[in-house]
Amino acid sequence: MRSLLPALFCLLLLYGSASAQTWQQYKIIEWQGRTAEQLATLKRIGVEAGAVVADRDGTGVPLSIGTAPLRQAGLRWYIENAATDFYSAYHRWTKGKPVNWLFLKVQQQYRTDPTDDAALIRNPTLLDPRGQAHIRDRLTHIVREESRYHPLFYNLGDETGIADLSAFWDFDLSPESIAGMRVWLRRQYGSLAALNAEWGTHYASWNAVQPQLTRAAMRRTDGNFSAWNDFKAWMDVCFARALRMGTGAIHSADPHALSAIEGAQMPGWGGYDYTLLAHAVDLMEVYDMGENMPILRSLNPRLIELTTSFDVEPADVHQIWRELLRGSRGLILWDSDYSIVHRDGSLGDRGAAYMPLFKELHRIGPLIIDSTPHTDPIAILYSPASFRTQWMLDQQPKGDAWIDRGAEKENEDNAWRVALRSYVRSLSQLGLAPRIVSAAMLPGLDDRVLILPDTLDLSAADARAIAAFAARGGTVIADRQPGLYDGHSKRLTRPDVPADIVHIVAPDDRAALGALAAKAHVAPPIRFTTDRPNVEMHVFAHRNDTIVALQRDTPGDGTEAVTLTLPRAMWVTDLRGGRSLGRVRTLDVTLGPIEPALLLVSAAPPVSARSEATKQPRW
């Protein structure tokens, strides 16, 4: 027995204990399956884990075999695609076919006969009790089989969505979905009379209620899209509930296990209402688009966010650093062409280029992860209902063209996305860090400034909360008159938000935004100036110190001169360079085109400086 103790001790060090698994390190993970020789090379450049595809219902590679190369290389792993067939039914790999072939099929079916509702029934429906029970049983089995190894996380599905990623579609007209919608609507409206008044319908019973589909909604001329909007909102609820069901199954099998989804899309269609998703899983691999990372960090700071790297070009390196500063706790590597590690196990050019970056991320990442992002008392409202209304207004003149729209088309900008992104960018360039709030957070809001980006939809309760915020002295900013529609996408004869409490400011008008913030007594704790508005600042509290990160908001050429002004003279350490910059109040920083400058600001001198001070003679 004694001879086994060192091996057991090493195993505990390698895998940790479930109760202590808190994700405090920046983790770098290889996605593609690799041999033990290839994994040894990956480990040498800083990769710590890999992905192992789940053995779904005994039809795949047993996990004992799939994990063998990783165990041999001394690496950890996570369980991939545990329920992709359920959560990503219309975007998953099928040999010899496009990844979204099932979605293309239902599009064609509906295009051929728009009266055929069969094309609008999701398969599988997210509400089928037998399907849910099957997924719960499968997840429970996988977790119980793997829990002794403490995988990093269990991924419910890759590239998840109601349809194909964030593509728009009129899913789901299955009997289970419609029955669930009626129950949900009854809770939303309280009475059938209230629903009929909102929708402009005359249903005699709840069992008769049907959603309005997109073709019919687009033919309306009264500006009342509530019966359509409520159905789309219901499908977002369905998707989030289904994810929470999977998370519950994982937690029931191992209370310390982490549930996840990968390939999280920008806010929009496909179930990507982040007010619902933020608490549906423990971890998300996120495509940093549409401000989904700051939305998630604001709505659920405990959520673990990962991002993906597809290359090591300057723009890719810039993005990796930026995502770390925006909340990423690790990186998943996509290496379909073996450019990181060749088939023979030798290091590729891309892998060699990653090596110094990974070394620095392993050193700096834990420091950022262990810090708390500073936020100023500025709230930006995230309104999925307004996104839906804006989409309808944009697409209504085009008629049935929506049938041909896919996920890539739905990633295009609209006024809602531009306003949200531009307000965040402008404030960052002013050195201000807003938080993003949902409508449910409006009552009792204790910020000093509230920004409403393209906020077409506001319920009466939302409008009252905004008016009360203004009455308490809060400053309300918008790019247009907010609340033209109620919270269900029904045009109002007059907005409930009084126009005289709203400052109309374009999202890219930094001067006006800065002036209103200053008038509201909101100022950055640390200021920076530069000749061009192309620098972002992130400020973190790290124990008794402050970390300041400065980075160009997009990759560029040459250098950028930035002057940093502290509240008072303080000790500054260059974290990346590992050197003290002395005790200063004003500091000139030269930014490169890609990487950030990272500075530790302290009231007390760093340890090395204090040691030198003790050597000085006392007079």
# chains A, B, ... in the order shown; residues from 1 in each chain; ligands from 1
$ residues_around --residues "Leu550 in chain A" --least-positions-apart "3" --cutoff "7 Å" --atoms "only C-alpha atoms" --output "list in words"
Val535, Glu536, Met537, His538, Pro596, Ala597 and Leu598 of chain A
$ write_last_selection --atoms "N, CA, C and O atoms" --output "PDB file, in the first residue's frame"
ATOM      1  N   VAL A 535      -8.585  53.651 -27.836  1.00  0.00           N
ATOM      2  CA  VAL A 535      -8.009  52.923 -26.706  1.00  0.00           C
ATOM      3  C   VAL A 535      -9.111  52.586 -25.722  1.00  0.00           C
ATOM      4  O   VAL A 535      -9.969  53.413 -25.407  1.00  0.00           O
ATOM      5  N   GLU A 536      -9.097  51.345 -25.232  1.00  0.00           N
ATOM      6  CA  GLU A 536     -10.014  50.910 -24.186  1.00  0.00           C
ATOM      7  C   GLU A 536      -9.239  50.762 -22.875  1.00  0.00           C
ATOM      8  O   GLU A 536      -8.085  50.344 -22.882  1.00  0.00           O
ATOM      9  N   MET A 537      -9.895  51.092 -21.776  1.00  0.00           N
ATOM     10  CA  MET A 537      -9.288  50.898 -20.465  1.00  0.00           C
ATOM     11  C   MET A 537     -10.157  49.957 -19.639  1.00  0.00           C
ATOM     12  O   MET A 537     -11.378  50.065 -19.623  1.00  0.00           O
ATOM     13  N   HIS A 538      -9.500  49.016 -18.971  1.00  0.00           N
ATOM     14  CA  HIS A 538     -10.164  48.118 -18.027  1.00  0.00           C
ATOM     15  C   HIS A 538      -9.472  48.282 -16.681  1.00  0.00           C
ATOM     16  O   HIS A 538      -8.237  48.251 -16.606  1.00  0.00           O
ATOM     17  N   PRO A 596      -1.976  44.467 -24.758  1.00  0.00           N
ATOM     18  CA  PRO A 596      -2.281  45.543 -23.821  1.00  0.00           C
ATOM     19  C   PRO A 596      -1.069  45.897 -22.956  1.00  0.00           C
ATOM     20  O   PRO A 596      -0.121  45.123 -22.825  1.00  0.00           O
ATOM     21  N   ALA A 597      -1.130  47.074 -22.375  1.00  0.00           N
ATOM     22  CA  ALA A 597      -0.248  47.428 -21.262  1.00  0.00           C
ATOM     23  C   ALA A 597      -0.987  47.071 -19.979  1.00  0.00           C
ATOM     24  O   ALA A 597      -2.170  47.395 -19.827  1.00  0.00           O
ATOM     25  N   LEU A 598      -0.305  46.384 -19.053  1.00  0.00           N
ATOM     26  CA  LEU A 598      -0.914  45.944 -17.806  1.00  0.00           C
ATOM     27  C   LEU A 598      -0.103  46.503 -16.646  1.00  0.00           C
ATOM     28  O   LEU A 598       1.092  46.198 -16.505  1.00  0.00           O
TER      29      LEU A 598
END
$ select_by_dssp --residues "range 273-352 of chain A" --states "alpha helix (DSSP H)" --output "PDB file with N, CA, C and O atoms, in the first residue's frame"
ATOM      1  N   TYR A 274     -29.929  36.386 -23.336  1.00  0.00           N
ATOM      2  CA  TYR A 274     -28.972  36.144 -22.259  1.00  0.00           C
ATOM      3  C   TYR A 274     -29.527  36.475 -20.878  1.00  0.00           C
ATOM      4  O   TYR A 274     -28.932  36.076 -19.875  1.00  0.00           O
ATOM      5  N   THR A 275     -30.653  37.174 -20.794  1.00  0.00           N
ATOM      6  CA  THR A 275     -31.272  37.315 -19.477  1.00  0.00           C
ATOM      7  C   THR A 275     -31.722  35.951 -18.958  1.00  0.00           C
ATOM      8  O   THR A 275     -31.791  35.726 -17.747  1.00  0.00           O
ATOM      9  N   LEU A 276     -32.023  35.034 -19.874  1.00  0.00           N
ATOM     10  CA  LEU A 276     -32.437  33.680 -19.506  1.00  0.00           C
ATOM     11  C   LEU A 276     -31.271  32.711 -19.460  1.00  0.00           C
ATOM     12  O   LEU A 276     -31.224  31.807 -18.617  1.00  0.00           O
ATOM     13  N   LEU A 277     -30.305  32.883 -20.363  1.00  0.00           N
ATOM     14  CA  LEU A 277     -29.198  31.935 -20.459  1.00  0.00           C
ATOM     15  C   LEU A 277     -28.132  32.141 -19.391  1.00  0.00           C
ATOM     16  O   LEU A 277     -27.393  31.210 -19.071  1.00  0.00           O
ATOM     17  N   ASN A 292     -21.991  40.040 -26.000  1.00  0.00           N
ATOM     18  CA  ASN A 292     -22.496  38.982 -25.131  1.00  0.00           C
ATOM     19  C   ASN A 292     -21.598  38.728 -23.925  1.00  0.00           C
ATOM     20  O   ASN A 292     -22.086  38.341 -22.862  1.00  0.00           O
ATOM     21  N   MET A 293     -20.284  38.960 -24.064  1.00  0.00           N
ATOM     22  CA  MET A 293     -19.406  38.739 -22.913  1.00  0.00           C
ATOM     23  C   MET A 293     -19.684  39.740 -21.784  1.00  0.00           C
ATOM     24  O   MET A 293     -19.868  39.335 -20.630  1.00  0.00           O
ATOM     25  N   PRO A 294     -19.730  41.054 -22.059  1.00  0.00           N
ATOM     26  CA  PRO A 294     -20.071  41.968 -20.952  1.00  0.00           C
ATOM     27  C   PRO A 294     -21.494  41.783 -20.435  1.00  0.00           C
ATOM     28  O   PRO A 294     -21.752  42.005 -19.250  1.00  0.00           O
ATOM     29  N   ILE A 295     -22.422  41.355 -21.300  1.00  0.00           N
ATOM     30  CA  ILE A 295     -23.776  41.077 -20.822  1.00  0.00           C
ATOM     31  C   ILE A 295     -23.734  39.941 -19.801  1.00  0.00           C
ATOM     32  O   ILE A 295     -24.302  40.040 -18.706  1.00  0.00           O
ATOM     33  N   LEU A 296     -23.052  38.863 -20.151  1.00  0.00           N
ATOM     34  CA  LEU A 296     -22.985  37.716 -19.251  1.00  0.00           C
ATOM     35  C   LEU A 296     -22.261  38.068 -17.962  1.00  0.00           C
ATOM     36  O   LEU A 296     -22.686  37.670 -16.864  1.00  0.00           O
ATOM     37  N   ARG A 297     -21.158  38.807 -18.070  1.00  0.00           N
ATOM     38  CA  ARG A 297     -20.407  39.148 -16.862  1.00  0.00           C
ATOM     39  C   ARG A 297     -21.232  40.034 -15.938  1.00  0.00           C
ATOM     40  O   ARG A 297     -21.114  39.940 -14.707  1.00  0.00           O
ATOM     41  N   SER A 298     -22.079  40.899 -16.517  1.00  0.00           N
ATOM     42  CA  SER A 298     -22.925  41.758 -15.694  1.00  0.00           C
ATOM     43  C   SER A 298     -24.055  40.977 -15.046  1.00  0.00           C
ATOM     44  O   SER A 298     -24.358  41.159 -13.863  1.00  0.00           O
ATOM     45  N   LEU A 299     -24.697  40.096 -15.820  1.00  0.00           N
ATOM     46  CA  LEU A 299     -25.874  39.398 -15.314  1.00  0.00           C
ATOM     47  C   LEU A 299     -25.516  38.236 -14.404  1.00  0.00           C
ATOM     48  O   LEU A 299     -26.305  37.879 -13.517  1.00  0.00           O
ATOM     49  N   PRO A 314      -1.971  38.643 -35.959  1.00  0.00           N
ATOM     50  CA  PRO A 314      -2.080  39.770 -35.020  1.00  0.00           C
ATOM     51  C   PRO A 314      -3.506  40.035 -34.526  1.00  0.00           C
ATOM     52  O   PRO A 314      -3.716  40.283 -33.332  1.00  0.00           O
ATOM     53  N   ALA A 315      -4.481  39.975 -35.427  1.00  0.00           N
ATOM     54  CA  ALA A 315      -5.864  40.220 -35.001  1.00  0.00           C
ATOM     55  C   ALA A 315      -6.334  39.166 -34.007  1.00  0.00           C
ATOM     56  O   ALA A 315      -7.106  39.462 -33.082  1.00  0.00           O
ATOM     57  N   ASP A 316      -5.867  37.932 -34.181  1.00  0.00           N
ATOM     58  CA  ASP A 316      -6.265  36.855 -33.266  1.00  0.00           C
ATOM     59  C   ASP A 316      -5.651  37.044 -31.886  1.00  0.00           C
ATOM     60  O   ASP A 316      -6.306  36.820 -30.866  1.00  0.00           O
ATOM     61  N   VAL A 317      -4.390  37.439 -31.845  1.00  0.00           N
ATOM     62  CA  VAL A 317      -3.726  37.675 -30.562  1.00  0.00           C
ATOM     63  C   VAL A 317      -4.374  38.856 -29.843  1.00  0.00           C
ATOM     64  O   VAL A 317      -4.596  38.822 -28.621  1.00  0.00           O
ATOM     65  N   HIS A 318      -4.685  39.904 -30.601  1.00  0.00           N
ATOM     66  CA  HIS A 318      -5.385  41.055 -30.024  1.00  0.00           C
ATOM     67  C   HIS A 318      -6.694  40.611 -29.383  1.00  0.00           C
ATOM     68  O   HIS A 318      -7.032  41.010 -28.261  1.00  0.00           O
ATOM     69  N   GLN A 319      -7.438  39.755 -30.076  1.00  0.00           N
ATOM     70  CA  GLN A 319      -8.718  39.290 -29.571  1.00  0.00           C
ATOM     71  C   GLN A 319      -8.555  38.449 -28.313  1.00  0.00           C
ATOM     72  O   GLN A 319      -9.353  38.564 -27.372  1.00  0.00           O
ATOM     73  N   ILE A 320      -7.535  37.599 -28.265  1.00  0.00           N
ATOM     74  CA  ILE A 320      -7.323  36.758 -27.077  1.00  0.00           C
ATOM     75  C   ILE A 320      -7.095  37.633 -25.844  1.00  0.00           C
ATOM     76  O   ILE A 320      -7.680  37.397 -24.777  1.00  0.00           O
ATOM     77  N   TRP A 321      -6.240  38.652 -25.978  1.00  0.00           N
ATOM     78  CA  TRP A 321      -5.988  39.547 -24.850  1.00  0.00           C
ATOM     79  C   TRP A 321      -7.260  40.321 -24.471  1.00  0.00           C
ATOM     80  O   TRP A 321      -7.589  40.468 -23.289  1.00  0.00           O
ATOM     81  N   ARG A 322      -7.962  40.826 -25.480  1.00  0.00           N
ATOM     82  CA  ARG A 322      -9.166  41.610 -25.207  1.00  0.00           C
ATOM     83  C   ARG A 322     -10.214  40.769 -24.489  1.00  0.00           C
ATOM     84  O   ARG A 322     -10.893  41.245 -23.569  1.00  0.00           O
ATOM     85  N   GLU A 323     -10.348  39.526 -24.910  1.00  0.00           N
ATOM     86  CA  GLU A 323     -11.335  38.656 -24.276  1.00  0.00           C
ATOM     87  C   GLU A 323     -10.951  38.306 -22.847  1.00  0.00           C
ATOM     88  O   GLU A 323     -11.817  38.168 -21.982  1.00  0.00           O
ATOM     89  N   LEU A 324      -9.662  38.171 -22.566  1.00  0.00           N
ATOM     90  CA  LEU A 324      -9.230  37.981 -21.175  1.00  0.00           C
ATOM     91  C   LEU A 324      -9.681  39.159 -20.327  1.00  0.00           C
ATOM     92  O   LEU A 324     -10.213  38.990 -19.225  1.00  0.00           O
ATOM     93  N   LEU A 325      -9.507  40.369 -20.842  1.00  0.00           N
ATOM     94  CA  LEU A 325      -9.872  41.568 -20.087  1.00  0.00           C
ATOM     95  C   LEU A 325     -11.391  41.711 -19.967  1.00  0.00           C
ATOM     96  O   LEU A 325     -11.870  42.388 -19.057  1.00  0.00           O
ATOM     97  N   ASP A 349       4.292  25.697 -36.928  1.00  0.00           N
ATOM     98  CA  ASP A 349       4.603  27.129 -36.822  1.00  0.00           C
ATOM     99  C   ASP A 349       3.599  27.853 -35.933  1.00  0.00           C
ATOM    100  O   ASP A 349       3.972  28.749 -35.163  1.00  0.00           O
ATOM    101  N   ARG A 350       2.345  27.485 -36.056  1.00  0.00           N
ATOM    102  CA  ARG A 350       1.332  28.134 -35.217  1.00  0.00           C
ATOM    103  C   ARG A 350       1.561  27.813 -33.747  1.00  0.00           C
ATOM    104  O   ARG A 350       1.443  28.690 -32.879  1.00  0.00           O
ATOM    105  N   GLY A 351       1.934  26.576 -33.449  1.00  0.00           N
ATOM    106  CA  GLY A 351       2.228  26.210 -32.068  1.00  0.00           C
ATOM    107  C   GLY A 351       3.414  26.961 -31.514  1.00  0.00           C
ATOM    108  O   GLY A 351       3.398  27.408 -30.363  1.00  0.00           O
ATOM    109  N   ALA A 352       4.455  27.122 -32.347  1.00  0.00           N
ATOM    110  CA  ALA A 352       5.635  27.865 -31.906  1.00  0.00           C
ATOM    111  C   ALA A 352       5.287  29.325 -31.628  1.00  0.00           C
ATOM    112  O   ALA A 352       5.802  29.942 -30.679  1.00  0.00           O
TER     113      ALA A 352
END
$ select_by_dssp --residues "range 291-523 of chain A" --states "strand (DSSP E)" --output "VMD selection string"
chain A and resid 304 to 309 328 to 333 372 to 373 378 to 381 435 to 437 449 to 452 475 to 478 502 to 504
$ write_last_selection --atoms "N, CA, C and O atoms" --output "tab-separated table (two decimals), in the first residue's frame"
chain	number	residue	atom	x	y	z
A	304	ILE	N	-18.51	31.02	-15.79
A	304	ILE	CA	-17.18	30.86	-16.38
A	304	ILE	C	-17.31	31.01	-17.89
A	304	ILE	O	-18.09	30.30	-18.53
A	305	GLU	N	-16.55	31.94	-18.45
A	305	GLU	CA	-16.58	32.17	-19.90
A	305	GLU	C	-15.26	31.74	-20.51
A	305	GLU	O	-14.19	32.09	-20.02
A	306	LEU	N	-15.35	30.97	-21.59
A	306	LEU	CA	-14.19	30.59	-22.38
A	306	LEU	C	-14.37	31.14	-23.78
A	306	LEU	O	-15.49	31.41	-24.22
A	307	THR	N	-13.26	31.30	-24.50
A	307	THR	CA	-13.32	31.73	-25.88
A	307	THR	C	-12.46	30.79	-26.72
A	307	THR	O	-11.76	29.92	-26.19
A	308	THR	N	-12.51	30.95	-28.04
A	308	THR	CA	-11.84	30.04	-28.96
A	308	THR	C	-10.84	30.79	-29.81
A	308	THR	O	-11.07	31.93	-30.21
A	309	SER	N	-9.73	30.13	-30.10
A	309	SER	CA	-8.71	30.70	-30.99
A	309	SER	C	-8.59	29.82	-32.23
A	309	SER	O	-8.41	28.61	-32.13
A	328	SER	N	-12.88	36.36	-20.15
A	328	SER	CA	-12.56	34.99	-20.53
A	328	SER	C	-11.60	34.37	-19.53
A	328	SER	O	-10.61	34.98	-19.12
A	329	ARG	N	-11.87	33.10	-19.17
A	329	ARG	CA	-11.02	32.39	-18.22
A	329	ARG	C	-10.25	31.25	-18.88
A	329	ARG	O	-9.68	30.41	-18.19
A	330	GLY	N	-10.25	31.23	-20.19
A	330	GLY	CA	-9.50	30.18	-20.87
A	330	GLY	C	-9.76	30.19	-22.35
A	330	GLY	O	-10.61	30.93	-22.86
A	331	LEU	N	-9.04	29.32	-23.03
A	331	LEU	CA	-9.01	29.32	-24.49
A	331	LEU	C	-9.17	27.89	-24.98
A	331	LEU	O	-8.51	26.97	-24.49
A	332	ILE	N	-10.05	27.71	-25.95
A	332	ILE	CA	-10.17	26.43	-26.66
A	332	ILE	C	-9.53	26.60	-28.03
A	332	ILE	O	-9.83	27.56	-28.75
A	333	LEU	N	-8.64	25.70	-28.39
A	333	LEU	CA	-7.89	25.80	-29.64
A	333	LEU	C	-8.55	24.96	-30.72
A	333	LEU	O	-8.83	23.77	-30.51
A	372	THR	N	-11.53	41.80	-9.37
A	372	THR	CA	-12.92	42.22	-9.58
A	372	THR	C	-12.95	43.39	-10.53
A	372	THR	O	-12.33	44.43	-10.27
A	373	PRO	N	-13.66	43.26	-11.66
A	373	PRO	CA	-13.73	44.38	-12.60
A	373	PRO	C	-14.41	45.59	-11.98
A	373	PRO	O	-15.44	45.46	-11.30
A	378	ILE	N	-23.10	53.42	-14.10
A	378	ILE	CA	-23.78	53.60	-15.38
A	378	ILE	C	-24.38	52.26	-15.77
A	378	ILE	O	-23.67	51.25	-15.83
A	379	ALA	N	-25.68	52.23	-16.03
A	379	ALA	CA	-26.37	51.01	-16.43
A	379	ALA	C	-26.82	51.14	-17.88
A	379	ALA	O	-27.32	52.20	-18.30
A	380	ILE	N	-26.64	50.07	-18.65
A	380	ILE	CA	-27.15	50.00	-20.02
A	380	ILE	C	-28.20	48.90	-20.06
A	380	ILE	O	-27.94	47.77	-19.68
A	381	LEU	N	-29.39	49.24	-20.52
A	381	LEU	CA	-30.47	48.26	-20.55
A	381	LEU	C	-30.30	47.32	-21.74
A	381	LEU	O	-30.13	47.74	-22.88
A	435	ARG	N	-22.25	48.80	-16.47
A	435	ARG	CA	-22.76	47.44	-16.31
A	435	ARG	C	-24.03	47.32	-17.15
A	435	ARG	O	-24.67	48.32	-17.47
A	436	ILE	N	-24.37	46.11	-17.53
A	436	ILE	CA	-25.54	45.89	-18.37
A	436	ILE	C	-26.62	45.25	-17.51
A	436	ILE	O	-26.36	44.30	-16.76
A	437	VAL	N	-27.84	45.78	-17.60
A	437	VAL	CA	-28.92	45.33	-16.74
A	437	VAL	C	-30.09	44.86	-17.60
A	437	VAL	O	-30.24	45.23	-18.76
A	449	VAL	N	-26.59	56.88	-14.00
A	449	VAL	CA	-26.93	57.07	-15.41
A	449	VAL	C	-27.54	55.77	-15.93
A	449	VAL	O	-27.05	54.68	-15.63
A	450	LEU	N	-28.61	55.89	-16.71
A	450	LEU	CA	-29.25	54.75	-17.36
A	450	LEU	C	-29.29	55.03	-18.86
A	450	LEU	O	-29.80	56.08	-19.28
A	451	ILE	N	-28.76	54.11	-19.65
A	451	ILE	CA	-28.73	54.26	-21.09
A	451	ILE	C	-29.67	53.23	-21.72
A	451	ILE	O	-29.64	52.05	-21.37
A	452	LEU	N	-30.48	53.68	-22.68
A	452	LEU	CA	-31.48	52.84	-23.32
A	452	LEU	C	-31.18	52.75	-24.81
A	452	LEU	O	-31.64	53.56	-25.61
A	475	THR	N	-29.87	60.20	-14.46
A	475	THR	CA	-29.82	60.73	-15.82
A	475	THR	C	-30.17	59.61	-16.81
A	475	THR	O	-29.55	58.55	-16.80
A	476	VAL	N	-31.16	59.84	-17.66
A	476	VAL	CA	-31.61	58.86	-18.64
A	476	VAL	C	-31.15	59.31	-20.02
A	476	VAL	O	-31.41	60.44	-20.44
A	477	ILE	N	-30.47	58.41	-20.72
A	477	ILE	CA	-29.93	58.69	-22.05
A	477	ILE	C	-30.46	57.65	-23.03
A	477	ILE	O	-30.55	56.47	-22.70
A	478	ALA	N	-30.81	58.08	-24.23
A	478	ALA	CA	-31.26	57.16	-25.27
A	478	ALA	C	-30.87	57.73	-26.63
A	478	ALA	O	-30.58	58.92	-26.76
A	502	VAL	N	-35.69	62.28	-20.92
A	502	VAL	CA	-34.72	61.53	-21.72
A	502	VAL	C	-33.80	62.48	-22.47
A	502	VAL	O	-34.27	63.38	-23.17
A	503	HIS	N	-32.50	62.28	-22.33
A	503	HIS	CA	-31.50	63.00	-23.13
A	503	HIS	C	-31.22	62.17	-24.37
A	503	HIS	O	-30.72	61.04	-24.27
A	504	ILE	N	-31.50	62.69	-25.54
A	504	ILE	CA	-31.24	61.98	-26.79
A	504	ILE	C	-29.79	62.25	-27.21
A	504	ILE	O	-29.44	63.39	-27.54
$ residues_around --residues "Asp486 in chain A" --least-positions-apart "2" --cutoff "8 Å" --atoms "only C-alpha atoms" --output "PDB file with N, CA and C atoms, in the first residue's frame"
ATOM      1  N   ASP A 457     -39.150  48.678 -26.938  1.00  0.00           N
ATOM      2  CA  ASP A 457     -40.157  48.023 -26.107  1.00  0.00           C
ATOM      3  C   ASP A 457     -39.916  48.289 -24.627  1.00  0.00           C
ATOM      4  N   LEU A 458     -40.940  48.783 -23.952  1.00  0.00           N
ATOM      5  CA  LEU A 458     -40.915  48.927 -22.498  1.00  0.00           C
ATOM      6  C   LEU A 458     -42.309  48.629 -21.971  1.00  0.00           C
ATOM      7  N   SER A 459     -42.389  47.792 -20.964  1.00  0.00           N
ATOM      8  CA  SER A 459     -43.680  47.582 -20.326  1.00  0.00           C
ATOM      9  C   SER A 459     -44.055  48.806 -19.508  1.00  0.00           C
ATOM     10  N   ALA A 460     -45.310  48.864 -19.098  1.00  0.00           N
ATOM     11  CA  ALA A 460     -45.738  49.981 -18.248  1.00  0.00           C
ATOM     12  C   ALA A 460     -44.935  50.005 -16.953  1.00  0.00           C
ATOM     13  N   GLY A 483     -39.600  53.266 -25.677  1.00  0.00           N
ATOM     14  CA  GLY A 483     -40.926  52.813 -25.289  1.00  0.00           C
ATOM     15  C   GLY A 483     -42.018  53.126 -26.291  1.00  0.00           C
ATOM     16  N   LEU A 484     -41.703  53.093 -27.592  1.00  0.00           N
ATOM     17  CA  LEU A 484     -42.745  53.285 -28.602  1.00  0.00           C
ATOM     18  C   LEU A 484     -43.698  52.093 -28.641  1.00  0.00           C
ATOM     19  N   HIS A 488     -44.666  43.784 -25.077  1.00  0.00           N
ATOM     20  CA  HIS A 488     -45.030  42.642 -25.919  1.00  0.00           C
ATOM     21  C   HIS A 488     -44.963  42.966 -27.409  1.00  0.00           C
ATOM     22  N   SER A 489     -44.448  44.132 -27.757  1.00  0.00           N
ATOM     23  CA  SER A 489     -44.296  44.542 -29.151  1.00  0.00           C
ATOM     24  C   SER A 489     -45.612  45.020 -29.770  1.00  0.00           C
ATOM     25  N   LYS A 490     -46.375  45.740 -28.986  1.00  0.00           N
ATOM     26  CA  LYS A 490     -47.594  46.382 -29.479  1.00  0.00           C
ATOM     27  C   LYS A 490     -47.379  47.889 -29.480  1.00  0.00           C
ATOM     28  N   ARG A 491     -47.582  48.504 -30.630  1.00  0.00           N
ATOM     29  CA  ARG A 491     -47.345  49.948 -30.767  1.00  0.00           C
ATOM     30  C   ARG A 491     -48.292  50.728 -29.854  1.00  0.00           C
ATOM     31  N   LEU A 492     -47.729  51.700 -29.141  1.00  0.00           N
ATOM     32  CA  LEU A 492     -48.510  52.535 -28.233  1.00  0.00           C
ATOM     33  C   LEU A 492     -48.908  53.825 -28.936  1.00  0.00           C
TER      34      LEU A 492
END
$ residues_around --residues "range 95-112 of chain A" --least-positions-apart "6" --cutoff "12 Å" --atoms "only C-alpha atoms" --output "VMD selection string"
chain A and resid 85 88 to 89 118 to 124 158 to 171 215 400 to 408
$ residues_around --residues "Arg543 in chain A" --least-positions-apart "6" --cutoff "12 Å" --atoms "only C-alpha atoms" --output "list in words"
Leu367, Ile368, Asp370, Ser371, Thr372, Pro373, Leu600, Val601, Ser602 and Ala603 of chain A
$ atom_distance --atom1 "CA of Leu42 in chain A" --atom2 "CA of Val312 in chain A"
15.2 Å
$ closest_residue --among "A:Gly345, A:Pro524, A:Gly66, A:Pro555" --to "Ala433 in chain A" --atoms "only C-alpha atoms"
A:Pro524
$ closest_atom_pairs --of "range 274-380 of chain A" --to "range 411-419 of chain A" --cutoff "10 Å" --atoms "only C-alpha atoms" --output "Markdown table"
| residue | atom | partner | partner_atom | distance |
| --- | --- | --- | --- | --- |
| A:Met289 | CA | A:Asn411 | CA | 8.9 |
| A:Gly290 | CA | A:Arg417 | CA | 6.4 |
| A:Glu291 | CA | A:Arg417 | CA | 8.7 |
$ write_last_selection --atoms "N, CA, C and O atoms" --output "short mmCIF file (atom, residue, chain, number, x, y, z; two decimals), in the first residue's frame"
data_model
loop_
_atom_site.label_atom_id
_atom_site.label_comp_id
_atom_site.auth_asym_id
_atom_site.auth_seq_id
_atom_site.Cartn_x
_atom_site.Cartn_y
_atom_site.Cartn_z
N MET A 289 -19.30 38.33 -29.59
CA MET A 289 -20.01 39.13 -30.59
C MET A 289 -21.22 39.78 -29.92
O MET A 289 -21.84 39.20 -29.04
N GLY A 290 -21.57 40.96 -30.38
CA GLY A 290 -22.79 41.59 -29.92
C GLY A 290 -22.80 41.91 -28.44
O GLY A 290 -23.87 41.99 -27.83
N GLU A 291 -21.62 42.09 -27.85
CA GLU A 291 -21.47 42.42 -26.42
C GLU A 291 -22.01 41.31 -25.52
O GLU A 291 -22.38 41.56 -24.36
#
$ closest_residue --among "A:Gln38, A:Asn81, A:Asn534, A:Thr201" --to "Gly556 in chain A" --atoms "only C-alpha atoms"
A:Asn534
$ atom_distance --atom1 "CA of Ala216 in chain A" --atom2 "CA of Val183 in chain A"
23.1 Å
